[in-house]
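Working notes, beginning with the structure itself.
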Amino acid sequence: MKHKVLLRNTLIAMLVLLMFVVLTSVMIAPALAQEPKEGEVGIQQVDFNEFKWDPEVITVTKRGVPNQGLGSLGIRVEGAQQIAGMTLVVGYDGAAIDILHTEIEPGLIVKGTRNVDYYLNPRKYFGTAPPNVSCGSQSYVTIDMAYLDGTLSSPIEGTGTVFNIPFTTVDNVTVPSTTTLCLDGSASLVVDNGGLTSTTSIQNITATVNIAGANISHVRFLVGLEGGKPSDYAAFTDRTEVTVNGTSVTLTDIYFDQVVATFPAEVTIERPGYVDVQFTLNNADEAEPVILLAGDTNGDNKINILDLQDIAHHLGETVNATNERMDYTGPGFNPDGIIDIRDLVIAVRNFGLSGPTSGESSGGWRTVPIGG
């Protein structure tokens with residue numbers, strides 16, 4: 001009797017073990033089949049939250065005199081994940097403005113070098129609309145962009161400007177008037193490094209362009225940071241506050257690009273970690289590149305022993321939300337994500353400086369544009 005019970009228990013145990021092996025193989029085999037083999041490209045999951053214009057409303061003047069008639073808008077992506085290529089279609093009224101498609105440039109969020117790491121080809125459609133458009137505009141520009149190396153794991157990630165779109169008003173446009181640019185979601189798409197499209201749809205988004213008469217001026221100049229690119233450079237426009245005659249305005253990527261209606265114009269520029277800039281523009285022709293000088297860690301608009309002690313105390317730390325105002329550069333003037341001796345040296349050179357400054361470079365010390 002004992003032998004029968006032992007035999008039955010043994011058979012039951014073997015049956016349970018066999019079922020476990022079968023179920024395990026069923027669950028694991030499909031997962032193993034999806035693993036890329038050595039040398040193959042691992043396909044990523046592409047996604048994003050939304051695309052938007054930056055800014056959404058802009059005022060330009062009618063073309064005809066220097067510094068007038070030109071404008072620039074950024075196409076911004078929010079929450080990008082694994083974007084390795086895209087086609088964006090922009091519709092506009094060719095009777096009011098003309099997009100300068102050969103001058104379209106990538107924004108700060110696009111990694112690498114054009115024609116080396118990625119392909120960028122803006123095309124203008126004359127008289128014939130591209131497929132699947134829904135914006136109903138008269139003229140279109142298509143921007144095709146793709147990374148050349150499919151093994152690049154995460155080319156476009158996060159939030160920032162993907163393209164800067166320059167345009168000009170046409171000679172015979174009626175002023176004042178309003179026109180629009182439309183990013184056509186139906187005709188646009190984004191893909192990952194395996195060519196798979198995002199499950200999130202691009203929505204039609206519209207930017208408004210107000211065209212004014214020639215009694216106001218279009219002012220454009222570059223804004224740079226001493227030392228180059230800090231660790232939070234991708235959020236440059238979000239963290240840099242600009243006012244003109246007391247009214248807040250938004251930078252277009254790395255540029256002040258605004259219509260100014262009243263001269264003389266008082267311009268102020270502020271950013272955490274840097275001394276404020278303030279200057280007067282008597283006319284548009286006076287516009288020059290502006291450099292913010294680094295080293296003000298506590299926001300008192302001065303660079304003194306307290307700032308130097310603050311940076312020295314954090315030397316060697318990885319940049320985070322509490323110390324990022326002390327990071328100004330890195331090797332090769334690219335962000336290194338570390339508070340180090342280079343950051344301290346920049347602050348020491350500006351010891352004793354009080355703001356606001358005029359925005360001129362600090363004699364001989366290397367300064368480069370934030371996007372340079």
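Chain labels A, B, ... are given in the sequence in which chains occur in the structure tokens; within each chain residues are numbered consecutively from 1, and ligands are likewise numbered from 1 in the order shown.
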Excluding segment 269-276 of chain A and residues on its chain fewer than 4 positions from it, collect all residues at most 7 Å away from it, counting only C-alpha atoms, and give them as a count of residues only.
-> 19
Hey, what's within 10 Å of Asp149 of chain A if we count only C-alpha atoms and toss same-chain stuff fewer than 5 positions away? As JSON, numbers by chain, please?
-> {"A": [41, 84, 116, 117, 118, 155, 193]}
From segment 59-293 of chain A, collect each residue whose DSSP state is alpha helix (DSSP H) and return the set as a VMD selection string.
-> chain A and resid 236 to 239
Written selection (C-alpha atoms) as a PDB file, in the first residue's frame:
ATOM      1  CA  PHE A 236      17.037  78.283 -22.606  1.00  0.00           C
ATOM      2  CA  THR A 237      13.877  80.146 -23.618  1.00  0.00           C
ATOM      3  CA  ASP A 238      11.957  78.886 -20.569  1.00  0.00           C
ATOM      4  CA  ARG A 239      14.501  80.102 -18.003  1.00  0.00           C
TER       5      ARG A 239
END
Give me the residues within 6 Å of Cys182 of chain A as a list in words, counting only C-alpha atoms and dropping any in the same chain fewer than 5 places off.
->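 Residues meeting the cut-off are Val90, Gly91, Ile205 and Thr206 of chain A.
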With N, CA and C atoms retained, could you export that selection as a compact mmCIF listing (two decimals), in the first residue's frame?
# COMPACT_ATOMS: atom_id res chain seq x y z
N VAL A 90 4.11 72.29 -43.35
CA VAL A 90 3.64 73.59 -42.89
C VAL A 90 2.90 74.29 -44.03
N GLY A 91 1.66 74.65 -43.79
CA GLY A 91 0.88 75.39 -44.77
C GLY A 91 0.82 76.86 -44.41
N ILE A 205 -1.81 72.54 -35.72
CA ILE A 205 -1.56 73.66 -34.81
C ILE A 205 -1.26 74.91 -35.64
N THR A 206 -1.74 76.03 -35.16
CA THR A 206 -1.68 77.27 -35.95
C THR A 206 -0.92 78.35 -35.19
Could you tell me which of A:Tyr119, A:Phe279, A:Tyr147, A:Phe163 comes closest to Ser72 of chain A if we count only C-alpha atoms?
->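 Among A:Tyr119, A:Phe279, A:Tyr147, A:Phe163, it is A:Phe163 that comes nearest to Ser72 of chain A.
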Which parts of segment 88-219 of chain A does DSSP call strand (DSSP E or B) when run on the backbone here, written out as a ChimeraX atom specification?
-> /A:88-92,97-99,105-106,114,118-125,139-147,156-169,177-183,189-191,197,205-212,217-219
Considering only C-alpha atoms, return as a list in words whatever protein or nucleic-acid residues lie within 8 Å of Phe221 of chain A, sequence-local ones (same chain, fewer than 5 positions apart) excluded.
->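 Contacts, with the query itself left out: Tyr255, Phe256, Asp257, Ala287, Glu288, Pro289 and Val290 of chain A.
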Neighbours of Cys135 of chain A within 12 Å (only C-alpha atoms; same-chain residues fewer than 3 positions away dropped), as a ChimeraX atom specification?
-> /A:89-93,129-132,138-140,180-188,203-206
